[in-house]
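Asks: My structure is in start_24.cif, and what it holds is mmCIF, C-alpha atoms and all ligand atoms:
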data_input
loop_
_atom_site.group_PDB
_atom_site.id
_atom_site.type_symbol
_atom_site.label_atom_id
_atom_site.label_comp_id
_atom_site.auth_asym_id
_atom_site.auth_seq_id
_atom_site.Cartn_x
_atom_site.Cartn_y
_atom_site.Cartn_z
ATOM 1 C CA MET A 588 -36.847 16.928 -4.452
ATOM 2 C CA THR A 589 -37.109 18.447 -7.893
ATOM 3 C CA ARG A 590 -35.361 17.062 -10.912
ATOM 4 C CA THR A 591 -33.090 20.132 -11.081
ATOM 5 C CA THR A 592 -31.938 19.746 -7.494
ATOM 6 C CA ILE A 593 -31.097 16.100 -8.083
ATOM 7 C CA GLY A 594 -29.190 17.055 -11.251
ATOM 8 C CA MET A 595 -27.216 19.703 -9.376
ATOM 9 C CA LEU A 596 -26.352 17.244 -6.613
ATOM 10 C CA ALA A 597 -25.103 14.776 -9.195
ATOM 11 C CA VAL A 598 -22.871 17.445 -10.754
ATOM 12 C CA ALA A 599 -21.516 18.449 -7.342
ATOM 13 C CA GLY A 600 -20.846 14.793 -6.570
ATOM 14 C CA ALA A 601 -18.949 14.349 -9.812
ATOM 15 C CA ALA A 602 -16.793 17.398 -9.050
ATOM 16 C CA VAL A 603 -15.943 16.032 -5.607
ATOM 17 C CA ALA A 604 -15.077 12.657 -7.113
ATOM 18 C CA ALA A 605 -12.838 14.308 -9.726
ATOM 19 C CA ALA A 606 -11.049 16.339 -7.049
ATOM 20 C CA ALA A 607 -10.495 13.209 -4.968
ATOM 21 C CA THR A 608 -9.034 11.398 -7.984
ATOM 22 C CA LEU A 609 -6.636 14.260 -8.648
ATOM 23 C CA ALA A 610 -5.538 14.377 -5.036
ATOM 24 C CA SER A 611 -4.861 10.664 -4.853
ATOM 25 C CA ALA A 612 -3.081 10.408 -8.216
ATOM 26 C CA PRO A 613 -0.233 12.883 -7.962
ATOM 27 C CA ALA A 614 1.496 13.618 -11.229
ATOM 28 C CA VAL A 615 5.083 14.185 -10.215
ATOM 29 C CA GLN A 616 5.160 17.730 -11.577
ATOM 30 C CA ALA A 617 1.990 18.714 -9.727
ATOM 31 C CA GLN A 618 3.441 17.678 -6.366
ATOM 32 C CA SER A 619 4.935 20.566 -4.443
ATOM 33 C CA GLY A 620 8.067 18.620 -3.595
ATOM 34 C CA GLY A 621 8.244 16.914 -7.010
ATOM 35 C CA ALA A 622 9.635 13.406 -7.371
ATOM 36 C CA ALA A 623 11.654 13.641 -4.157
ATOM 37 C CA ALA A 624 8.497 14.113 -2.087
ATOM 38 C CA VAL A 625 6.703 11.248 -3.855
ATOM 39 C CA ILE A 626 9.652 8.933 -3.183
ATOM 40 C CA ARG A 627 9.963 9.900 0.479
ATOM 41 C CA GLU A 628 6.234 9.592 1.074
ATOM 42 C CA ARG A 629 6.041 6.090 -0.366
ATOM 43 C CA GLN A 630 9.093 4.965 1.614
ATOM 44 C CA GLU A 631 7.528 6.350 4.781
ATOM 45 C CA GLY A 632 4.302 4.528 3.872
ATOM 46 C CA PHE A 633 6.143 1.222 3.453
ATOM 47 C CA ARG A 634 7.799 1.707 6.843
ATOM 48 C CA GLN A 635 4.360 2.200 8.382
ATOM 49 C CA MET A 636 3.128 -1.016 6.731
ATOM 50 C CA ASN A 637 6.134 -2.794 8.160
ATOM 51 C CA ALA A 638 5.386 -1.370 11.610
ATOM 52 C CA ILE A 639 1.848 -2.770 11.499
ATOM 53 C CA LEU A 640 3.173 -6.237 10.623
ATOM 54 C CA ARG A 641 5.701 -5.934 13.437
ATOM 55 C CA ARG A 642 2.819 -5.207 15.829
ATOM 56 C CA PHE A 643 1.222 -8.473 14.690
ATOM 57 C CA ARG A 644 4.455 -10.398 15.266
ATOM 58 C CA ASP A 645 5.020 -8.830 18.685
ATOM 59 C CA THR A 646 1.449 -9.543 19.767
ATOM 60 C CA LEU A 647 1.664 -13.178 18.633
ATOM 61 C CA GLN A 648 5.002 -13.641 20.331
ATOM 62 C CA ALA A 649 3.622 -12.204 23.572
ATOM 63 C CA ARG A 650 0.534 -14.428 23.165
ATOM 64 C CA GLY A 651 -1.583 -11.302 23.216
ATOM 65 C CA GLU A 652 -5.063 -10.720 21.889
ATOM 66 C CA VAL A 653 -5.080 -10.452 18.064
ATOM 67 C CA ARG A 654 -8.643 -9.208 17.675
ATOM 68 C CA PRO A 655 -7.813 -5.495 18.234
ATOM 69 C CA LEU A 656 -5.281 -5.656 15.370
ATOM 70 C CA ALA A 657 -7.902 -6.452 12.731
ATOM 71 C CA SER A 658 -8.838 -2.818 12.105
ATOM 72 C CA GLN A 659 -5.205 -1.896 11.436
ATOM 73 C CA VAL A 660 -5.290 -4.025 8.311
ATOM 74 C CA ASP A 661 -7.659 -1.450 6.778
ATOM 75 C CA GLU A 662 -4.767 1.011 6.628
ATOM 76 C CA MET A 663 -2.734 -1.584 4.757
ATOM 77 C CA LEU A 664 -5.576 -2.340 2.355
ATOM 78 C CA ALA A 665 -5.904 1.375 1.573
ATOM 79 C CA TYR A 666 -2.160 1.679 0.993
ATOM 80 C CA TYR A 667 -1.795 -1.314 -1.330
ATOM 81 C CA ARG A 668 -4.990 -0.511 -3.211
ATOM 82 C CA THR A 669 -3.418 2.801 -4.275
ATOM 83 C CA LEU A 670 0.177 1.601 -4.506
ATOM 84 C CA HIS A 671 0.461 2.222 -8.258
ATOM 85 C CA GLU A 672 -0.246 5.926 -7.641
ATOM 86 C CA ARG A 673 2.820 6.120 -5.410
ATOM 87 C CA PHE A 674 5.055 5.166 -8.330
ATOM 88 C CA PRO A 675 4.107 7.710 -11.019
ATOM 89 C CA PRO A 676 6.349 7.970 -14.089
ATOM 90 C CA GLY A 677 9.306 10.212 -13.254
ATOM 91 C CA SER A 678 9.543 9.066 -9.624
ATOM 92 C CA ASP A 679 12.452 6.757 -10.438
ATOM 93 C CA THR A 680 14.868 9.561 -9.631
ATOM 94 C CA GLY A 681 15.043 12.749 -7.541
ATOM 95 C CA ALA A 682 15.776 11.161 -4.174
ATOM 96 C CA GLU A 683 17.497 7.944 -3.181
ATOM 97 C CA THR A 684 15.224 5.117 -4.241
ATOM 98 C CA TRP A 685 15.524 1.354 -4.186
ATOM 99 C CA ALA A 686 12.814 0.876 -6.793
ATOM 100 C CA ARG A 687 14.085 -1.030 -9.825
ATOM 101 C CA PRO A 688 13.450 0.395 -13.317
ATOM 102 C CA GLU A 689 11.167 -2.616 -13.884
ATOM 103 C CA VAL A 690 8.503 -0.836 -11.785
ATOM 104 C CA TRP A 691 7.953 1.348 -14.840
ATOM 105 C CA SER A 692 9.111 -0.985 -17.637
ATOM 106 C CA ASN A 693 7.102 -4.007 -16.464
ATOM 107 C CA ARG A 694 4.087 -2.217 -15.088
ATOM 108 C CA PRO A 695 1.558 -5.046 -15.560
ATOM 109 C CA LEU A 696 3.553 -7.410 -13.343
ATOM 110 C CA PHE A 697 4.145 -4.676 -10.746
ATOM 111 C CA GLU A 698 0.426 -3.934 -10.534
ATOM 112 C CA GLN A 699 -0.321 -7.662 -10.380
ATOM 113 C CA ARG A 700 2.014 -8.011 -7.389
ATOM 114 C CA ALA A 701 0.331 -5.054 -5.696
ATOM 115 C CA ALA A 702 -3.132 -6.488 -6.381
ATOM 116 C CA ALA A 703 -2.040 -9.874 -5.019
ATOM 117 C CA MET A 704 -1.536 -8.249 -1.595
ATOM 118 C CA LEU A 705 -5.229 -7.469 -1.216
ATOM 119 C CA PRO A 706 -6.755 -10.967 -0.782
ATOM 120 C CA GLU A 707 -3.919 -11.894 1.601
ATOM 121 C CA LEU A 708 -4.605 -8.794 3.681
ATOM 122 C CA GLU A 709 -8.360 -9.495 3.681
ATOM 123 C CA LYS A 710 -7.589 -12.972 5.022
ATOM 124 C CA LEU A 711 -5.281 -11.512 7.670
ATOM 125 C CA LYS A 712 -8.018 -9.156 8.786
ATOM 126 C CA ALA A 713 -10.536 -12.010 8.987
ATOM 127 C CA ALA A 714 -8.139 -14.236 10.941
ATOM 128 C CA ALA A 715 -7.384 -11.473 13.455
ATOM 129 C CA ALA A 716 -11.067 -10.575 13.774
ATOM 130 C CA SER A 717 -11.848 -14.222 14.612
ATOM 131 C CA GLY A 718 -9.373 -14.052 17.488
ATOM 132 C CA ASP A 719 -7.581 -17.189 16.250
ATOM 133 C CA ALA A 720 -3.893 -16.582 16.947
ATOM 134 C CA ALA A 721 -2.647 -19.676 15.084
ATOM 135 C CA ALA A 722 -4.583 -18.768 11.933
ATOM 136 C CA THR A 723 -3.377 -15.162 12.240
ATOM 137 C CA GLY A 724 0.229 -16.370 12.480
ATOM 138 C CA ARG A 725 -0.131 -18.556 9.386
ATOM 139 C CA GLN A 726 -1.706 -15.724 7.409
ATOM 140 C CA LEU A 727 1.009 -13.322 8.526
ATOM 141 C CA GLN A 728 3.477 -15.623 6.764
ATOM 142 C CA ALA A 729 1.377 -15.511 3.594
ATOM 143 C CA VAL A 730 1.274 -11.708 3.725
ATOM 144 C CA GLY A 731 5.047 -11.602 4.164
ATOM 145 C CA ALA A 732 5.462 -13.869 1.150
ATOM 146 C CA ALA A 733 3.351 -11.483 -0.961
ATOM 147 C CA CYS A 734 5.569 -8.559 0.135
ATOM 148 C CA THR A 735 8.683 -10.531 -0.807
ATOM 149 C CA ALA A 736 7.246 -11.603 -4.161
ATOM 150 C CA CYS A 737 7.178 -7.956 -5.218
ATOM 151 C CA HIS A 738 10.465 -6.988 -3.593
ATOM 152 C CA ASP A 739 12.287 -9.835 -5.365
ATOM 153 C CA SER A 740 11.476 -8.338 -8.768
ATOM 154 C CA PHE A 741 11.015 -4.647 -8.072
ATOM 155 C CA ARG A 742 13.204 -3.530 -5.178
ATOM 156 C CA ARG A 743 16.976 -3.391 -5.079
ATOM 157 C CA PRO A 744 18.412 -4.772 -1.859
ATOM 158 C CA ARG A 745 19.989 -2.176 0.419
ATOM 159 C CA SER A 746 23.650 -2.998 0.667
HETATM 160 C C1 LIG B 801 3.928 -4.218 -5.667
HETATM 161 C C2 LIG B 801 5.250 -4.180 -5.085
HETATM 162 C C3 LIG B 801 5.470 -4.140 -3.614
HETATM 163 C C4 LIG B 801 4.740 -4.787 -2.634
HETATM 164 C C5 LIG B 801 3.534 -5.682 -2.780
HETATM 165 C C6 LIG B 801 5.399 -4.446 -1.394
HETATM 166 N N1 LIG B 801 6.464 -3.644 -1.600
HETATM 167 FE FE1 LIG B 801 7.690 -2.873 -0.181
HETATM 168 N N2 LIG B 801 8.710 -1.807 -1.611
HETATM 169 C C7 LIG B 801 8.479 -1.898 -2.962
HETATM 170 C C8 LIG B 801 9.403 -1.023 -3.669
HETATM 171 C C9 LIG B 801 9.484 -0.842 -5.169
HETATM 172 C C10 LIG B 801 10.178 -0.399 -2.685
HETATM 173 C C11 LIG B 801 11.291 0.655 -2.894
HETATM 174 C C12 LIG B 801 10.673 2.050 -2.815
HETATM 175 C C13 LIG B 801 11.684 3.165 -2.997
HETATM 176 O O1 LIG B 801 12.810 3.075 -2.464
HETATM 177 O O2 LIG B 801 11.348 4.139 -3.697
HETATM 178 C C14 LIG B 801 9.720 -0.924 -1.391
HETATM 179 C C15 LIG B 801 10.252 -0.562 -0.166
HETATM 180 C C16 LIG B 801 9.868 -1.101 1.053
HETATM 181 C C17 LIG B 801 10.468 -0.765 2.329
HETATM 182 C C18 LIG B 801 11.630 0.197 2.568
HETATM 183 C C19 LIG B 801 11.085 1.593 2.857
HETATM 184 C C20 LIG B 801 12.223 2.579 3.145
HETATM 185 O O3 LIG B 801 12.575 2.728 4.326
HETATM 186 O O4 LIG B 801 12.773 3.156 2.196
HETATM 187 C C21 LIG B 801 9.814 -1.493 3.288
HETATM 188 C C22 LIG B 801 10.069 -1.491 4.786
HETATM 189 C C23 LIG B 801 8.790 -2.263 2.605
HETATM 190 N N3 LIG B 801 8.853 -2.011 1.250
HETATM 191 C C24 LIG B 801 7.904 -3.100 3.230
HETATM 192 C C25 LIG B 801 6.890 -3.803 2.590
HETATM 193 C C26 LIG B 801 5.950 -4.669 3.277
HETATM 194 C C27 LIG B 801 5.916 -4.930 4.763
HETATM 195 C C28 LIG B 801 5.134 -5.176 2.320
HETATM 196 C C29 LIG B 801 3.984 -6.121 2.473
HETATM 197 C C30 LIG B 801 3.000 -5.867 3.479
HETATM 198 C C31 LIG B 801 5.570 -4.631 1.040
HETATM 199 N N4 LIG B 801 6.630 -3.811 1.249
HETATM 200 C C32 LIG B 801 4.957 -4.919 -0.169
HETATM 201 C C33 LIG B 801 7.526 -2.671 -3.580
HETATM 202 C C34 LIG B 801 6.556 -3.428 -2.950
#
Show how you would write the structure in this file as structure tokens.

Replies:
Amino acid sequence: MTRTTIGMLAVAGAAVAAAATLASAPAVQAQSGGAAAVIRERQEGFRQMNAILRRFRDTLQARGEVRPLASQVDEMLAYYRTLHERFPPGSDTGAETWARPEVWSNRPLFEQRAAAMLPELEKLKAAAASGDAAATGRQLQAVGAACTACHDSFRRPRS
């Protein structure tokens, strides 16, 4: 391959990477549905995360095989890795939201709570992949605690 071709490929790669960054980091104004769509999408995402955890609980309760659940944790890892992008400035209003203002006013702690999910999810994936139901159950508790740690500071309870 010539130098020029390699250079062109690098430029094309950079453009693709830039496009991907734009797509995954929606500025509220750039979103077709504005803040309302951002809020609804993240709430729907959280419900999906909850559904995956419920699948774990149901499987454990039924004494089912946990190994097939391991790959579902990847979806959770992807969601929590990009969680900060689902709370852009301006998405505190526009649709009913239970996010506290602290999501935006205490951003470092919010991002710390989101980051703290990742090692717990990695451990959940490993436990499920090993087929050890008891270890999976224990780690499910730890994951739940990491969810609650963020909710306690950043989500208003639904009354
Ligand atoms: C870094 C903070 C953070 C973490 C970690 C977090 N959440 Fe949340 N969660 C929120 C916030 C903030 C809201 C409110 C969003 C809104 O209403 O706009 C929320 C909302 C929810 C909702 C309600 C969605 C709806 O129907 O409106 C569910 C369910 C939920 N989270 C589940 C989870 C689960 C399960 C985990 C752990 C696997 C988790 N969350 C981890 C911050 C977090």

Asks: I'd like the neighbourhood of A:Trp685 as a list of chain:residue names, where a residue qualifies if any of its atoms comes within 12 Å (using only C-alpha atoms), though same-chain residues fewer than 3 positions away should be ignored.

Replies: A:Ile626, A:Arg627, A:Arg629, A:Gln630, A:Phe674, A:Ser678, A:Asp679, A:Thr680, A:Gly681, A:Ala682, A:Pro688, A:Glu689, A:Val690, A:His738, A:Asp739, A:Ser740, A:Phe741, A:Arg742, A:Arg743, A:Pro744, A:Arg745, A:Ser746

Asks: Step by step, gather every atom of ligand LIG 801 (chain B) that the file lists, find the box along x, y and z that holds them, add 8 Å on each side, and finally give centre and edge lengths in Å to one decimal, as JSON.

Replies:
{"center_x": 7.9, "center_y": -1.0, "center_z": -0.4, "size_x": 25.8, "size_y": 26.3, "size_z": 26.5}

Asks: I'd like to know which of A:Leu656, A:Ala714, A:Leu647, A:Ala686 is closest to ligand LIG 801 (chain B), using only C-alpha atoms and all ligand atoms.

Replies: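 Result for the nearest residue to ligand LIG 801 (chain B): A:Ala686.
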
Asks: Of the candidates A:Glu683, A:Glu652, A:Asp645, A:Glu672, which shows the shortest atom-to-atom distance to ligand LIG 801 (chain B), using only C-alpha atoms and all ligand atoms?

Replies: A:Glu683

Asks: Quick one: distance from atom CA of A:Ala703 to atom C12 of ligand LIG 801 (chain B) in Å, one decimal?

Replies: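 According to the coordinates, atom CA of A:Ala703 and atom C12 of ligand LIG 801 (chain B) are separated by 17.6 Å.
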
Asks: Calculated over only C-alpha atoms and all ligand atoms, which of the candidates A:Cys737, A:Ala713, A:Val653, A:Ala665 has the smallest distance to ligand LIG 801 (chain B)?

Replies: A:Cys737

Asks: In Å, how far is it from atom CA of A:Tyr666 to atom CA of A:Ala716?

Replies: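 Here the two named atoms are 19.8 Å from each other.
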
Asks: Using all atoms listed in the file, which of A:Met663, A:Val625, A:Ala732, A:Ala701 sits nearest ligand LIG 801 (chain B)?

Replies: A:Ala701

Asks: Would you mind telling me which residue in A:Leu696, A:Gln648, A:Ser717, A:Pro706 lies nearest to A:Ala729 when using all atoms listed in the file?

Replies: A:Pro706

Asks: Compile the contact shell of A:Gln659 as a list in words: residues with an atom at most 12 Å away, counting only C-alpha atoms, same-chain residues fewer than 2 positions apart removed.

Replies: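 Neighbouring residues, sequence-local ones excluded: Gln635, Met636, Asn637, Ala638, Ile639, Leu640, Arg641, Arg642, Phe643, Val653, Arg654, Pro655, Leu656, Ala657, Asp661, Glu662, Met663, Leu664, Ala665, Tyr666, Leu708, Glu709, Leu711, Lys712, Ala713, Ala715 and Ala716 of chain A.
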
Asks: When you count all atoms listed in the file, which of these residues is closest to ligand LIG 801 (chain B): A:Gly724, A:Pro675, A:Gly718, A:Gly632?

Replies: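 Of the candidates, the smallest distance to ligand LIG 801 (chain B) is held by A:Gly632.
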
Asks: One decimal, Å: what's the distance from atom CA of A:Thr723 over to atom O2 of ligand LIG 801 (chain B), could you say?

Replies: 29.0 Å

Asks: Mind completing stretch 632-653 of chain A with N, CA and C atoms? Output as a PDB file, in the coordinates of the input, please?

Replies:
ATOM      1  N   GLY A 632       5.490   5.391   3.871  1.00  0.00           N
ATOM      2  CA  GLY A 632       4.302   4.528   3.872  1.00  0.00           C
ATOM      3  C   GLY A 632       4.682   3.069   4.063  1.00  0.00           C
ATOM      4  N   PHE A 633       5.693   2.613   3.320  1.00  0.00           N
ATOM      5  CA  PHE A 633       6.143   1.222   3.453  1.00  0.00           C
ATOM      6  C   PHE A 633       6.636   0.950   4.874  1.00  0.00           C
ATOM      7  N   ARG A 634       7.317   1.924   5.459  1.00  0.00           N
ATOM      8  CA  ARG A 634       7.799   1.707   6.843  1.00  0.00           C
ATOM      9  C   ARG A 634       6.620   1.566   7.799  1.00  0.00           C
ATOM     10  N   GLN A 635       5.559   2.332   7.533  1.00  0.00           N
ATOM     11  CA  GLN A 635       4.360   2.200   8.382  1.00  0.00           C
ATOM     12  C   GLN A 635       3.732   0.823   8.226  1.00  0.00           C
ATOM     13  N   MET A 636       3.699   0.313   6.973  1.00  0.00           N
ATOM     14  CA  MET A 636       3.128  -1.016   6.731  1.00  0.00           C
ATOM     15  C   MET A 636       3.935  -2.073   7.485  1.00  0.00           C
ATOM     16  N   ASN A 637       5.243  -1.882   7.461  1.00  0.00           N
ATOM     17  CA  ASN A 637       6.134  -2.794   8.160  1.00  0.00           C
ATOM     18  C   ASN A 637       5.877  -2.742   9.669  1.00  0.00           C
ATOM     19  N   ALA A 638       5.618  -1.544  10.171  1.00  0.00           N
ATOM     20  CA  ALA A 638       5.386  -1.370  11.610  1.00  0.00           C
ATOM     21  C   ALA A 638       4.098  -2.090  12.037  1.00  0.00           C
ATOM     22  N   ILE A 639       3.101  -2.075  11.166  1.00  0.00           N
ATOM     23  CA  ILE A 639       1.848  -2.770  11.499  1.00  0.00           C
ATOM     24  C   ILE A 639       2.096  -4.280  11.571  1.00  0.00           C
ATOM     25  N   LEU A 640       2.872  -4.800  10.599  1.00  0.00           N
ATOM     26  CA  LEU A 640       3.173  -6.237  10.623  1.00  0.00           C
ATOM     27  C   LEU A 640       3.993  -6.595  11.862  1.00  0.00           C
ATOM     28  N   ARG A 641       4.889  -5.681  12.249  1.00  0.00           N
ATOM     29  CA  ARG A 641       5.701  -5.934  13.437  1.00  0.00           C
ATOM     30  C   ARG A 641       4.796  -6.025  14.674  1.00  0.00           C
ATOM     31  N   ARG A 642       3.773  -5.168  14.715  1.00  0.00           N
ATOM     32  CA  ARG A 642       2.819  -5.207  15.829  1.00  0.00           C
ATOM     33  C   ARG A 642       2.143  -6.578  15.896  1.00  0.00           C
ATOM     34  N   PHE A 643       1.812  -7.128  14.735  1.00  0.00           N
ATOM     35  CA  PHE A 643       1.222  -8.473  14.690  1.00  0.00           C
ATOM     36  C   PHE A 643       2.204  -9.494  15.278  1.00  0.00           C
ATOM     37  N   ARG A 644       3.456  -9.417  14.800  1.00  0.00           N
ATOM     38  CA  ARG A 644       4.455 -10.398  15.266  1.00  0.00           C
ATOM     39  C   ARG A 644       4.663 -10.287  16.764  1.00  0.00           C
ATOM     40  N   ASP A 645       4.787  -9.043  17.253  1.00  0.00           N
ATOM     41  CA  ASP A 645       5.020  -8.830  18.685  1.00  0.00           C
ATOM     42  C   ASP A 645       3.850  -9.364  19.506  1.00  0.00           C
ATOM     43  N   THR A 646       2.640  -9.101  19.040  1.00  0.00           N
ATOM     44  CA  THR A 646       1.449  -9.543  19.767  1.00  0.00           C
ATOM     45  C   THR A 646       1.394 -11.066  19.819  1.00  0.00           C
ATOM     46  N   LEU A 647       1.697 -11.716  18.674  1.00  0.00           N
ATOM     47  CA  LEU A 647       1.664 -13.178  18.633  1.00  0.00           C
ATOM     48  C   LEU A 647       2.722 -13.767  19.555  1.00  0.00           C
ATOM     49  N   GLN A 648       3.904 -13.136  19.499  1.00  0.00           N
ATOM     50  CA  GLN A 648       5.002 -13.641  20.331  1.00  0.00           C
ATOM     51  C   GLN A 648       4.660 -13.524  21.814  1.00  0.00           C
ATOM     52  N   ALA A 649       3.987 -12.440  22.169  1.00  0.00           N
ATOM     53  CA  ALA A 649       3.622 -12.204  23.572  1.00  0.00           C
ATOM     54  C   ALA A 649       2.334 -12.947  23.943  1.00  0.00           C
ATOM     55  N   ARG A 650       1.802 -13.712  22.986  1.00  0.00           N
ATOM     56  CA  ARG A 650       0.534 -14.428  23.165  1.00  0.00           C
ATOM     57  C   ARG A 650      -0.584 -13.477  23.578  1.00  0.00           C
ATOM     58  N   GLY A 651      -0.566 -12.318  22.932  1.00  0.00           N
ATOM     59  CA  GLY A 651      -1.583 -11.302  23.216  1.00  0.00           C
ATOM     60  C   GLY A 651      -2.844 -11.535  22.406  1.00  0.00           C
ATOM     61  N   GLU A 652      -3.758 -10.641  22.553  1.00  0.00           N
ATOM     62  CA  GLU A 652      -5.063 -10.720  21.889  1.00  0.00           C
ATOM     63  C   GLU A 652      -4.941 -10.138  20.472  1.00  0.00           C
ATOM     64  N   VAL A 653      -5.259 -10.935  19.440  1.00  0.00           N
ATOM     65  CA  VAL A 653      -5.080 -10.452  18.064  1.00  0.00           C
ATOM     66  C   VAL A 653      -6.280  -9.656  17.539  1.00  0.00           C
TER      67      VAL A 653
END
